[in-house]
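K.L.:
Below you'll find upload.cif; it's mmCIF, C-alpha atoms.
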```
data_upload
#
loop_
_atom_site.label_atom_id
_atom_site.label_comp_id
_atom_site.auth_asym_id
_atom_site.auth_seq_id
_atom_site.Cartn_x
_atom_site.Cartn_y
_atom_site.Cartn_z
CA MET A 222 0.00 0.00 0.00
CA THR A 223 1.52 3.29 -1.07
CA ALA A 224 1.89 6.50 0.92
CA GLY A 225 -1.03 8.83 0.38
CA LYS A 226 -3.52 6.01 -0.09
CA ARG A 227 -6.91 6.79 1.45
CA ILE A 228 -8.49 4.19 3.71
CA GLY A 229 -11.82 5.42 5.02
CA ASP A 230 -11.14 8.79 6.60
CA TYR A 231 -7.43 8.06 6.96
CA THR A 232 -4.37 8.70 4.80
CA VAL A 233 -1.60 6.10 4.86
CA ASP A 234 1.92 7.37 5.62
CA THR A 235 4.11 4.31 5.80
CA LYS A 236 4.27 0.64 6.78
CA LEU A 237 5.09 0.12 10.45
CA GLY A 238 5.48 -3.62 10.59
CA SER A 239 3.87 -6.98 10.11
CA GLY A 240 2.93 -9.96 12.16
CA ARG A 241 0.89 -13.11 12.07
CA TYR A 242 -2.26 -10.99 11.89
CA GLY A 243 -1.27 -8.98 8.81
CA VAL A 244 0.30 -5.56 8.38
CA CYS A 245 0.26 -2.32 10.37
CA PHE A 246 0.45 1.10 8.71
CA LEU A 247 1.04 4.53 10.17
CA ALA A 248 -1.70 6.86 8.95
CA ARG A 249 -3.24 10.21 9.76
CA ASP A 250 -6.83 11.11 10.41
CA SER A 251 -8.62 14.14 9.01
CA HIS A 252 -7.11 16.32 11.77
CA GLY A 253 -3.56 15.19 11.02
CA GLU A 254 -3.34 13.00 14.13
CA LYS A 255 -1.29 9.83 13.85
CA VAL A 256 -3.16 6.54 14.00
CA VAL A 257 -2.31 2.92 13.24
CA LEU A 258 -4.24 0.97 10.63
CA LYS A 259 -4.02 -2.73 11.35
CA ARG A 260 -4.93 -4.68 8.24
CA PHE A 261 -5.83 -8.30 8.80
CA ARG A 262 -4.90 -11.18 6.60
CA ARG A 263 -7.87 -12.81 4.99
CA ARG A 264 -6.71 -16.30 5.88
CA LEU A 265 -6.63 -15.43 9.57
CA PHE A 266 -10.38 -15.05 9.45
CA GLN A 267 -10.83 -18.11 7.32
CA LYS A 268 -8.93 -20.20 9.84
CA ASN A 269 -10.47 -18.76 12.99
CA PRO A 270 -13.71 -16.86 12.36
CA PRO A 271 -15.12 -16.89 15.93
CA GLY A 272 -11.86 -15.85 17.54
CA SER A 273 -10.97 -13.06 15.18
CA HIS A 274 -12.92 -10.40 17.01
CA HIS A 275 -11.94 -10.98 20.62
CA GLU A 276 -9.48 -8.16 20.09
CA ALA A 277 -12.17 -5.62 19.19
CA VAL A 278 -14.32 -6.48 22.19
CA ILE A 279 -11.43 -6.57 24.63
CA LEU A 280 -9.92 -3.28 23.44
CA SER A 281 -13.37 -1.69 23.59
CA GLY A 282 -13.42 -2.33 27.32
CA LEU A 283 -9.92 -1.01 28.11
CA ASP A 284 -8.86 2.55 28.84
CA HIS A 285 -5.24 2.94 29.90
CA PRO A 286 -2.34 5.15 28.72
CA SER A 287 -0.17 2.10 28.01
CA ILE A 288 -2.79 0.42 25.82
CA PRO A 289 -3.80 1.58 22.33
CA GLU A 290 -7.41 2.67 22.13
CA LEU A 291 -9.60 1.14 19.43
CA LEU A 292 -10.68 4.14 17.35
CA GLY A 293 -12.65 2.44 14.62
CA VAL A 294 -13.19 -0.38 12.17
CA VAL A 295 -12.84 0.07 8.43
CA HIS A 296 -14.05 -2.56 5.99
CA GLU A 297 -13.22 -1.56 2.46
CA ARG A 298 -12.14 -3.02 -0.81
CA GLU A 299 -8.50 -2.69 0.28
CA GLY A 300 -9.09 -4.91 3.28
CA TYR A 301 -10.35 -5.14 6.81
CA PHE A 302 -8.73 -2.71 9.27
CA PHE A 303 -8.76 -1.83 12.94
CA VAL A 304 -7.93 1.81 13.61
CA LEU A 305 -5.81 2.12 16.75
CA LYS A 306 -4.28 4.97 18.68
CA TYR A 307 -0.64 5.47 17.75
CA MET A 308 1.82 4.61 20.52
CA PRO A 309 5.15 6.41 19.95
CA GLY A 310 8.53 4.73 20.23
CA HIS A 311 10.31 1.60 19.09
CA THR A 312 9.57 -1.97 20.00
CA LEU A 313 11.89 -3.52 22.54
CA ARG A 314 12.99 -5.92 19.79
CA GLN A 315 14.04 -2.98 17.62
CA LEU A 316 15.83 -1.31 20.53
CA LEU A 317 17.66 -4.50 21.48
CA PHE A 318 18.63 -5.96 18.14
CA ARG A 319 18.58 -3.06 15.69
CA GLU A 320 19.64 -0.14 17.88
CA HIS A 321 21.71 -2.37 20.21
CA HIS A 322 20.44 -0.34 23.13
CA ILE A 323 21.77 -1.30 26.54
CA PHE A 324 19.07 -1.01 29.17
CA THR A 325 20.21 0.45 32.47
CA GLU A 326 18.79 -0.53 35.84
CA GLU A 327 16.72 2.64 35.73
CA ASP A 328 15.40 1.76 32.26
CA ILE A 329 14.47 -1.74 33.36
CA PHE A 330 12.79 -0.46 36.49
CA ARG A 331 10.76 2.13 34.60
CA ILE A 332 9.71 -0.28 31.83
CA GLY A 333 8.99 -3.12 34.23
CA ALA A 334 7.00 -0.87 36.54
CA GLN A 335 4.84 0.40 33.69
CA LEU A 336 4.30 -3.08 32.30
CA SER A 337 3.41 -4.39 35.74
CA GLU A 338 0.96 -1.53 36.17
CA ALA A 339 -0.59 -2.25 32.77
CA LEU A 340 -0.97 -5.91 33.76
CA VAL A 341 -2.61 -4.90 37.04
CA TYR A 342 -5.10 -2.88 35.00
CA ILE A 343 -5.94 -5.45 32.32
CA HIS A 344 -6.15 -8.26 34.88
CA SER A 345 -8.54 -6.11 36.91
CA ARG A 346 -10.67 -6.13 33.76
CA SER A 347 -10.34 -9.94 33.53
CA VAL A 348 -8.14 -9.70 30.42
CA VAL A 349 -5.16 -11.97 29.76
CA HIS A 350 -2.88 -10.46 27.09
CA GLY A 351 -1.45 -13.84 26.20
CA ASP A 352 1.33 -12.61 23.92
CA LEU A 353 3.53 -10.28 25.94
CA SER A 354 6.84 -10.14 24.10
CA ILE A 355 9.63 -7.78 23.06
CA SER A 356 7.89 -7.42 19.69
CA ASN A 357 4.64 -6.27 21.30
CA ILE A 358 6.04 -3.64 23.66
CA VAL A 359 6.97 -0.12 22.54
CA ASP A 360 8.96 2.42 24.49
CA ASP A 361 9.85 6.03 23.76
CA GLY A 362 12.08 6.59 26.76
CA HIS A 363 9.19 7.76 28.92
CA ARG A 364 6.08 5.72 28.27
CA THR A 365 5.91 1.98 27.66
CA GLY A 366 3.04 0.69 25.54
CA LEU A 367 1.54 -2.77 25.32
CA LEU A 368 0.46 -3.69 21.79
CA ASP A 369 -1.27 -6.48 19.91
CA PHE A 370 -4.24 -7.89 21.79
CA GLY A 371 -4.88 -10.34 18.98
CA LEU A 372 -4.39 -13.33 21.27
CA ALA A 373 -5.94 -11.70 24.35
CA ARG A 374 -8.80 -13.49 26.05
CA TYR A 375 -10.95 -13.01 29.11
CA ARG A 376 -9.70 -15.05 32.03
CA GLY A 377 -10.97 -18.58 31.80
CA GLU A 378 -11.80 -18.36 28.10
CA ASP A 379 -9.97 -21.11 26.29
CA GLY A 380 -7.97 -21.72 29.47
CA ALA A 381 -6.46 -18.23 29.57
CA ALA A 382 -4.73 -17.57 32.91
CA TYR A 383 -2.85 -14.62 34.39
CA ASP A 384 0.30 -16.62 35.02
CA LEU A 385 0.90 -16.72 31.26
CA ASP A 386 1.35 -12.94 31.35
CA TYR A 387 3.61 -13.26 34.40
CA ALA A 388 5.83 -15.78 32.63
CA CYS A 389 6.01 -13.67 29.48
CA LEU A 390 6.88 -10.59 31.55
CA GLY A 391 9.73 -12.56 33.09
CA ASN A 392 10.92 -13.44 29.61
CA VAL A 393 10.85 -9.77 28.56
CA LEU A 394 12.77 -8.67 31.66
CA LEU A 395 15.45 -11.25 30.92
CA TYR A 396 15.91 -9.83 27.43
CA LEU A 397 16.48 -6.42 28.98
CA LEU A 398 18.85 -7.76 31.65
CA TYR A 399 20.92 -9.49 28.97
CA SER A 400 21.27 -6.32 26.87
CA GLY A 401 24.55 -5.30 28.51
CA TRP A 402 25.80 -8.73 29.46
CA HIS A 403 29.16 -10.01 28.21
CA GLY A 404 29.78 -12.97 30.47
CA ARG A 405 30.57 -16.53 29.58
CA ARG A 406 27.63 -18.53 28.37
CA CYS A 407 27.20 -21.48 30.64
CA GLY A 408 23.51 -22.38 30.62
CA ALA A 409 20.44 -20.82 32.16
CA TRP A 410 19.93 -17.19 33.13
CA TYR A 411 20.14 -17.97 36.85
CA ASP A 412 23.63 -19.37 36.29
CA GLU A 413 24.82 -16.54 34.09
CA LEU A 414 23.41 -13.24 35.35
CA ASP A 415 24.66 -11.51 38.46
CA LEU A 416 21.37 -10.85 40.20
CA ASN A 417 20.63 -10.17 43.81
CA ALA A 418 18.48 -12.64 45.69
CA ASP A 419 15.30 -10.56 45.40
CA LYS A 420 15.59 -10.21 41.62
CA GLU A 421 16.37 -13.86 41.09
CA LEU A 422 13.49 -14.99 43.28
CA PHE A 423 11.12 -12.57 41.56
CA LEU A 424 12.07 -13.88 38.12
CA ARG A 425 11.85 -17.47 39.32
CA ARG A 426 8.33 -16.82 40.57
CA LEU A 427 7.31 -15.22 37.28
CA LEU A 428 8.70 -18.11 35.30
CA ARG A 429 7.11 -20.73 37.55
CA LEU A 430 10.42 -22.05 38.85
CA ASP A 431 9.25 -21.09 42.34
CA ARG A 432 5.86 -20.55 43.97
CA GLY A 433 3.86 -18.27 41.74
CA PHE A 434 2.07 -15.01 42.44
CA THR A 435 -1.57 -15.21 43.38
CA HIS A 436 -2.48 -11.62 42.50
CA THR A 437 -1.11 -9.20 39.95
CA GLU A 438 -0.85 -6.43 42.56
CA GLN A 439 1.35 -8.78 44.57
CA MET A 440 3.50 -9.34 41.49
CA ARG A 441 3.80 -5.59 40.82
CA ASP A 442 4.73 -4.82 44.43
CA ALA A 443 7.36 -7.54 44.42
CA PHE A 444 8.82 -6.12 41.22
CA LEU A 445 9.04 -2.63 42.69
CA VAL A 446 10.94 -3.95 45.69
CA ALA A 447 13.24 -6.29 43.78
CA PHE A 448 14.15 -4.00 40.87
CA SER A 449 14.37 -0.64 42.58
CA PRO A 450 17.71 0.81 41.43
CA HIS A 451 18.37 2.17 44.91
CA THR A 452 18.41 -1.12 46.76
CA GLU A 453 21.05 -2.91 44.73
CA THR A 454 23.04 -5.65 46.46
CA TYR A 455 24.59 -7.74 43.73
CA THR A 456 26.01 -11.16 44.33
CA ASP A 457 28.89 -12.09 42.08
CA LYS A 458 28.33 -15.63 40.85
CA SER A 459 31.71 -15.78 39.18
CA LYS A 460 33.18 -15.97 42.69
CA GLY A 461 30.82 -18.70 43.76
CA MET B 59 -15.16 -23.76 18.31
CA PHE B 60 -11.52 -23.16 17.68
CA ASP B 61 -9.60 -23.22 20.94
CA PHE B 62 -6.91 -20.57 20.82
CA PHE B 63 -5.19 -21.87 23.92
CA SER B 64 -5.74 -25.54 23.37
CA GLY B 65 -3.43 -28.46 23.83
CA SER B 66 0.19 -28.16 22.97
CA SER B 67 -0.09 -24.60 21.71
CA LYS B 68 -1.03 -23.45 25.21
CA LYS B 69 2.08 -25.05 26.64
CA LYS B 70 4.20 -23.51 23.90
CA ARG B 71 3.02 -20.06 24.88
CA TYR B 72 4.76 -20.33 28.26
CA PRO B 73 8.43 -19.44 27.75
CA ASN B 74 11.09 -21.96 28.61
CA PRO B 75 12.24 -20.79 32.07
CA ASN B 76 15.73 -22.20 31.77
CA ARG B 77 17.20 -20.29 28.86
CA GLY B 78 20.31 -18.16 28.97
CA GLY B 79 22.40 -15.75 26.97
CA SER B 80 22.56 -17.95 23.90
CA TYR B 81 18.84 -17.33 23.57
CA TYR B 82 18.33 -13.83 24.93
CA GLN B 83 21.16 -12.27 22.98
CA GLN B 84 20.10 -13.76 19.66
CA GLY B 85 17.29 -11.70 18.28
CA SER B 86 17.95 -11.01 14.64
CA GLY B 87 16.46 -12.81 11.71
CA LEU B 88 13.22 -14.56 11.06
CA PHE B 89 14.00 -17.37 13.47
CA GLY B 90 14.70 -15.00 16.29
CA HIS B 91 11.56 -13.04 15.60
CA PHE B 92 9.19 -15.94 15.78
CA MET B 93 10.82 -17.79 18.59
CA GLY B 94 11.60 -14.71 20.59
CA SER B 95 8.33 -12.97 20.23
CA SER B 96 5.73 -15.53 20.91
CA MET B 97 7.09 -18.97 21.62
CA SER B 98 4.37 -20.53 19.56
CA GLY B 99 6.51 -21.27 16.57
CA SER B 100 5.04 -23.46 13.94
CA SER B 101 1.57 -23.61 15.41
CA ARG B 102 0.84 -20.11 14.17
CA PRO B 103 0.17 -18.91 10.67
CA ARG B 104 3.11 -17.24 9.01
CA TYR B 105 2.64 -13.66 8.09
CA GLY B 106 2.68 -12.58 4.52
CA GLN B 107 0.76 -15.58 3.35
CA GLY B 108 -1.53 -14.83 0.53
CA TYR B 109 -3.03 -11.58 1.72
CA GLY B 110 -4.40 -9.82 -1.27
CA GLN B 111 -4.63 -12.82 -3.53
CA GLY B 112 -8.01 -12.49 -5.09
CA HIS B 113 -8.73 -9.92 -2.47
CA SER B 114 -9.81 -7.15 -4.77
CA GLN B 115 -12.28 -9.38 -6.54
CA ASN B 116 -14.17 -10.62 -3.53
CA TYR B 117 -13.01 -8.73 -0.53
CA THR B 118 -15.63 -9.86 1.93
CA GLN B 119 -15.04 -13.53 1.32
CA GLY B 120 -13.41 -15.17 4.26
CA TYR B 121 -14.46 -12.68 6.92
CA PRO B 122 -16.61 -13.95 9.74
CA GLN B 123 -19.96 -15.01 8.43
CA GLY B 124 -21.71 -13.62 11.48
CA TYR B 125 -20.54 -10.15 10.60
CA GLN B 126 -21.52 -10.07 6.95
CA GLN B 127 -23.95 -7.55 5.69
CA ALA B 128 -27.50 -8.39 6.61
CA PRO B 129 -30.11 -8.98 3.93
CA PRO B 130 -31.54 -5.75 2.53
CA GLY B 131 -34.74 -6.16 4.43
CA GLN B 132 -32.90 -6.02 7.75
CA GLN B 133 -30.69 -3.07 7.01
CA GLY B 134 -31.34 0.10 8.96
CA TYR B 135 -32.92 -1.77 11.85
CA PRO B 136 -33.87 1.07 14.20
CA ASN B 137 -33.28 -0.52 17.60
CA GLN B 138 -30.41 -2.63 18.86
CA GLN B 139 -31.92 -5.82 20.15
CA PRO B 140 -29.95 -8.47 21.95
CA SER B 141 -29.80 -11.72 20.09
CA PRO B 142 -29.99 -15.04 21.92
CA GLN B 143 -26.20 -15.04 22.05
CA GLY B 144 -26.07 -11.58 23.72
CA GLN B 145 -25.14 -9.79 20.54
CA SER B 146 -26.68 -6.60 19.31
CA ILE B 147 -27.76 -5.51 15.89
CA CYS B 148 -25.96 -2.72 14.06
CA PRO B 149 -28.43 0.13 13.48
CA SER B 150 -26.56 1.05 10.32
CA CYS B 151 -26.14 -2.21 8.41
CA GLY B 152 -28.14 -4.73 10.44
CA ALA B 153 -25.22 -7.06 11.10
CA SER B 154 -24.95 -8.78 14.46
CA VAL B 155 -22.22 -7.32 16.67
CA PRO B 156 -20.61 -9.09 19.65
CA ALA B 157 -21.56 -7.61 23.02
CA GLY B 158 -19.08 -4.97 24.14
CA SER B 159 -17.66 -3.99 20.77
CA LYS B 160 -17.58 -0.21 20.34
CA PHE B 161 -17.92 -0.61 16.60
CA CYS B 162 -19.89 -2.72 14.19
CA LEU B 163 -17.37 -5.23 12.91
CA SER B 164 -19.01 -5.27 9.52
CA CYS B 165 -19.54 -1.62 8.58
CA GLY B 166 -17.58 0.18 11.32
CA ALA B 167 -20.53 2.17 12.71
CA ARG B 168 -20.16 3.18 16.35
CA MET B 169 -22.29 1.07 18.67
CA ALA B 170 -23.99 3.03 21.42
CA SER B 171 -24.88 -0.08 23.37
CA ALA B 172 -21.36 -1.26 24.23
CA SER B 173 -21.03 -1.71 27.98
CA PHE B 174 -18.84 -3.57 30.41
CA CYS B 175 -19.26 -4.84 33.93
CA PRO B 176 -17.97 -2.24 36.44
CA ASN B 177 -16.68 -5.06 38.61
CA CYS B 178 -15.07 -7.74 36.45
CA GLY B 179 -14.71 -5.78 33.21
CA LYS B 180 -16.35 -8.33 30.96
CA PRO B 181 -18.79 -7.25 28.24
CA VAL B 182 -22.43 -7.06 29.20
CA PRO B 183 -25.16 -7.81 26.66
CA PRO B 184 -27.31 -4.82 25.71
CA GLY B 185 -30.18 -4.35 28.14
CA ALA B 186 -28.79 -6.68 30.79
CA ARG B 187 -29.29 -5.43 34.37
CA PHE B 188 -26.66 -7.70 35.83
CA CYS B 189 -23.31 -8.95 34.65
CA PRO B 190 -23.87 -12.51 33.39
CA ASP B 191 -20.45 -13.47 34.66
CA CYS B 192 -20.20 -12.07 38.21
CA GLY B 193 -23.75 -10.87 38.85
CA THR B 194 -22.84 -7.26 39.58
CA PRO B 195 -25.61 -4.75 38.73
CA THR B 196 -24.68 -2.96 35.53
CA SER B 197 -26.07 0.43 36.60
CA LYS B 198 -26.43 2.28 39.88
#
```
Could you write out this file's structure as structure tokens?
P.N.:
Amino acid sequence: MTAGKRIGDYTVDTKLGSGRYGVCFLARDSHGEKVVLKRFRRRLFQKNPPGSHHEAVILSGLDHPSIPELLGVVHEREGYFFVLKYMPGHTLRQLLFREHHIFTEEDIFRIGAQLSEALVYIHSRSVVHGDLSISNIVDDGHRTGLLDFGLARYRGEDGAAYDLDYACLGNVLLYLLYSGWHGRRCGAWYDELDLNADKELFLRRLLRLDRGFTHTEQMRDAFLVAFSPHTETYTDKSKG
Amino acid sequence: MFDFFSGSSKKKRYPNPNRGGSYYQQGSGLFGHFMGSSMSGSSRPRYGQGYGQGHSQNYTQGYPQGYQQAPPGQQGYPNQQPSPQGQSICPSCGASVPAGSKFCLSCGARMASASFCPNCGKPVPPGARFCPDCGTPTSK
């Protein structure tokens, strides 16, 4: 789709990215405001017609600064689109592997705190994101956004459970912790990273290597304690 | 009904908790994207498959049948009535719309009836006085 193409009331600027769902475009509305047009692949609907619109219903019920608002639905000859609020920044995948950004303790604390808060919110609305990953999180240095609710479900639907989001958050945090790591590769993260006891236990609980969290508020509070940059007490595993 | 979290795919969605730097520091390329982003690997459709093939000739084919345009006689239905499944009817095109959706998923018209439970956050069918999931009254 070329720049300048009109889709409903929107004008396409450029392609932002693609995923299993289809393609996302940056566009502008009639007031010049940036929006995202998410065009779905036809075969996604053919394969899973009943599940294809969980995203619209779930996004309709969410209102949070870290979550893109559903602004409209466009069904035209060019395809089937969701119109979403534009969330500025790069994905964590882009920052890690294209920009080679090294995340500081402060960065990790800020991003983790905002993600934890977003999870507290969506879980309070009975929503399981189900696909939290470095490709679905954007950050502009101030605000962290949680994208792509295409696999989101209400808790209990199709077996969706909050601990899936906990485990995926743990996975994301490990990506960030490894961004500045240059140690010797010797196995699992808990053998390689120099983490204090609180951080290691927190990650173990997220990843279900230890007793899990029973509430998302409990998980958020534990994160804030374990990852606060001002309470650092590293243990050096190379000496152990 | 297709189970999005069924069987082995549900297990695959939980990340392996025992990975290390050889995984977390390898993010480039198609392999890294799929395996790093969602853990579901081959169970998911690959993007870029066939979108647009024949699309311009029959662009509504393949979209959910429940959201197709209603027969002409039902278009412009004046009131949104809950269907037996808790869906409402789009006042613009007459298509059935899942409870909670802010927009008709067929024509894009804004749905005035979208509401959610103030307690559990789940969608509430139009006209319902109590949340069908947790029983909370939907209005004060």
K.L.:
For Gly144 (chain B), find every residue with an atom within 10 Å (counting only C-alpha atoms), except residues of its own chain fewer than 6 positions away, and show them as a PDB file with C-alpha atoms, keeping the file's coordinate frame.
P.N.:
```pdb
ATOM      1  CA  SER B 154     -24.950  -8.780  14.460  1.00  0.00           C
ATOM      2  CA  VAL B 155     -22.220  -7.320  16.670  1.00  0.00           C
ATOM      3  CA  PRO B 156     -20.610  -9.090  19.650  1.00  0.00           C
ATOM      4  CA  ALA B 157     -21.560  -7.610  23.020  1.00  0.00           C
ATOM      5  CA  GLY B 158     -19.080  -4.970  24.140  1.00  0.00           C
ATOM      6  CA  PRO B 181     -18.790  -7.250  28.240  1.00  0.00           C
ATOM      7  CA  VAL B 182     -22.430  -7.060  29.200  1.00  0.00           C
ATOM      8  CA  PRO B 183     -25.160  -7.810  26.660  1.00  0.00           C
ATOM      9  CA  PRO B 184     -27.310  -4.820  25.710  1.00  0.00           C
ATOM     10  CA  GLY B 185     -30.180  -4.350  28.140  1.00  0.00           C
ATOM     11  CA  ALA B 186     -28.790  -6.680  30.790  1.00  0.00           C
ATOM     12  CA  PRO B 190     -23.870 -12.510  33.390  1.00  0.00           C
TER      13      PRO B 190
END
```
K.L.:
Quote the spacing between CA of Leu395 (chain A) and CA of His350 (chain A) in Å to one decimal place.
P.N.:
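Here the two named atoms are 18.7 Å from each other.
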K.L.:
I'd like a table as JSON lines: residues in chain A with an atom no more than 6 Å from chain B, each row giving the shortest atom pair and its distance in Å to one decimal, all atoms listed in the file counted, sorted by chain and rising residue number.
P.N.:
```
{"residue": "A:Gly240", "atom": "CA", "partner": "B:Tyr105", "partner_atom": "CA", "distance": 5.5}
{"residue": "A:Arg241", "atom": "CA", "partner": "B:Tyr105", "partner_atom": "CA", "distance": 4.4}
{"residue": "A:Arg262", "atom": "CA", "partner": "B:Tyr109", "partner_atom": "CA", "distance": 5.2}
{"residue": "A:Arg263", "atom": "CA", "partner": "B:Tyr109", "partner_atom": "CA", "distance": 6.0}
{"residue": "A:Phe266", "atom": "CA", "partner": "B:Tyr121", "partner_atom": "CA", "distance": 5.4}
{"residue": "A:Gln267", "atom": "CA", "partner": "B:Gly120", "partner_atom": "CA", "distance": 5.0}
{"residue": "A:Pro270", "atom": "CA", "partner": "B:Pro122", "partner_atom": "CA", "distance": 4.9}
{"residue": "A:Ala277", "atom": "CA", "partner": "B:Ser159", "partner_atom": "CA", "distance": 5.9}
{"residue": "A:Val278", "atom": "CA", "partner": "B:Ser159", "partner_atom": "CA", "distance": 4.4}
{"residue": "A:Ser281", "atom": "CA", "partner": "B:Lys160", "partner_atom": "CA", "distance": 5.5}
{"residue": "A:Val294", "atom": "CA", "partner": "B:Gly166", "partner_atom": "CA", "distance": 4.5}
{"residue": "A:Val295", "atom": "CA", "partner": "B:Gly166", "partner_atom": "CA", "distance": 5.6}
{"residue": "A:Arg298", "atom": "CA", "partner": "B:Tyr117", "partner_atom": "CA", "distance": 5.8}
{"residue": "A:Phe318", "atom": "CA", "partner": "B:Gly85", "partner_atom": "CA", "distance": 5.9}
{"residue": "A:Arg346", "atom": "CA", "partner": "B:Gly179", "partner_atom": "CA", "distance": 4.1}
{"residue": "A:Ser347", "atom": "CA", "partner": "B:Cys178", "partner_atom": "CA", "distance": 6.0}
{"residue": "A:Ser354", "atom": "CA", "partner": "B:Ser95", "partner_atom": "CA", "distance": 5.0}
{"residue": "A:Ser356", "atom": "CA", "partner": "B:Ser95", "partner_atom": "CA", "distance": 5.6}
{"residue": "A:Asp379", "atom": "CA", "partner": "B:Phe63", "partner_atom": "CA", "distance": 5.4}
{"residue": "A:Tyr396", "atom": "CA", "partner": "B:Tyr82", "partner_atom": "CA", "distance": 5.3}
{"residue": "A:Gly408", "atom": "CA", "partner": "B:Gly78", "partner_atom": "CA", "distance": 5.5}
{"residue": "A:Ala409", "atom": "CA", "partner": "B:Gly78", "partner_atom": "CA", "distance": 4.2}
{"residue": "A:Trp410", "atom": "CA", "partner": "B:Gly78", "partner_atom": "CA", "distance": 4.3}
{"residue": "A:Leu428", "atom": "CA", "partner": "B:Pro75", "partner_atom": "CA", "distance": 5.5}
```
K.L.:
Could you turn the residues from that selection into a file that holds C-alpha atoms, as a CSV table (one decimal), in the frame of the given file?
P.N.:
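For reference, out_17.csv as written:
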```csv
chain,number,residue,atom,x,y,z
A,240,GLY,CA,2.9,-10.0,12.2
A,241,ARG,CA,0.9,-13.1,12.1
A,262,ARG,CA,-4.9,-11.2,6.6
A,263,ARG,CA,-7.9,-12.8,5.0
A,266,PHE,CA,-10.4,-15.0,9.4
A,267,GLN,CA,-10.8,-18.1,7.3
A,270,PRO,CA,-13.7,-16.9,12.4
A,277,ALA,CA,-12.2,-5.6,19.2
A,278,VAL,CA,-14.3,-6.5,22.2
A,281,SER,CA,-13.4,-1.7,23.6
A,294,VAL,CA,-13.2,-0.4,12.2
A,295,VAL,CA,-12.8,0.1,8.4
A,298,ARG,CA,-12.1,-3.0,-0.8
A,318,PHE,CA,18.6,-6.0,18.1
A,346,ARG,CA,-10.7,-6.1,33.8
A,347,SER,CA,-10.3,-9.9,33.5
A,354,SER,CA,6.8,-10.1,24.1
A,356,SER,CA,7.9,-7.4,19.7
A,379,ASP,CA,-10.0,-21.1,26.3
A,396,TYR,CA,15.9,-9.8,27.4
A,408,GLY,CA,23.5,-22.4,30.6
A,409,ALA,CA,20.4,-20.8,32.2
A,410,TRP,CA,19.9,-17.2,33.1
A,428,LEU,CA,8.7,-18.1,35.3
```
K.L.:
The PyMOL selection byres ((chain A and resi 310) around 7) on the file shown: which residues, as a short mmCIF file (atom, residue, chain, number, x, y, z; two decimals) with C-alpha atoms, keeping the file's coordinate frame?
P.N.:
```
data_model
loop_
_atom_site.label_atom_id
_atom_site.label_comp_id
_atom_site.auth_asym_id
_atom_site.auth_seq_id
_atom_site.Cartn_x
_atom_site.Cartn_y
_atom_site.Cartn_z
CA MET A 308 1.82 4.61 20.52
CA PRO A 309 5.15 6.41 19.95
CA HIS A 311 10.31 1.60 19.09
CA THR A 312 9.57 -1.97 20.00
CA VAL A 359 6.97 -0.12 22.54
CA ASP A 360 8.96 2.42 24.49
CA ASP A 361 9.85 6.03 23.76
#
```
K.L.:
Taking into account only C-alpha atoms, which residue in the set A:Arg374, A:Arg364, A:Lys226, A:His451 is nearest to Gly333 (chain A)?
P.N.:
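Nearest to Gly333 (chain A): A:Arg364.
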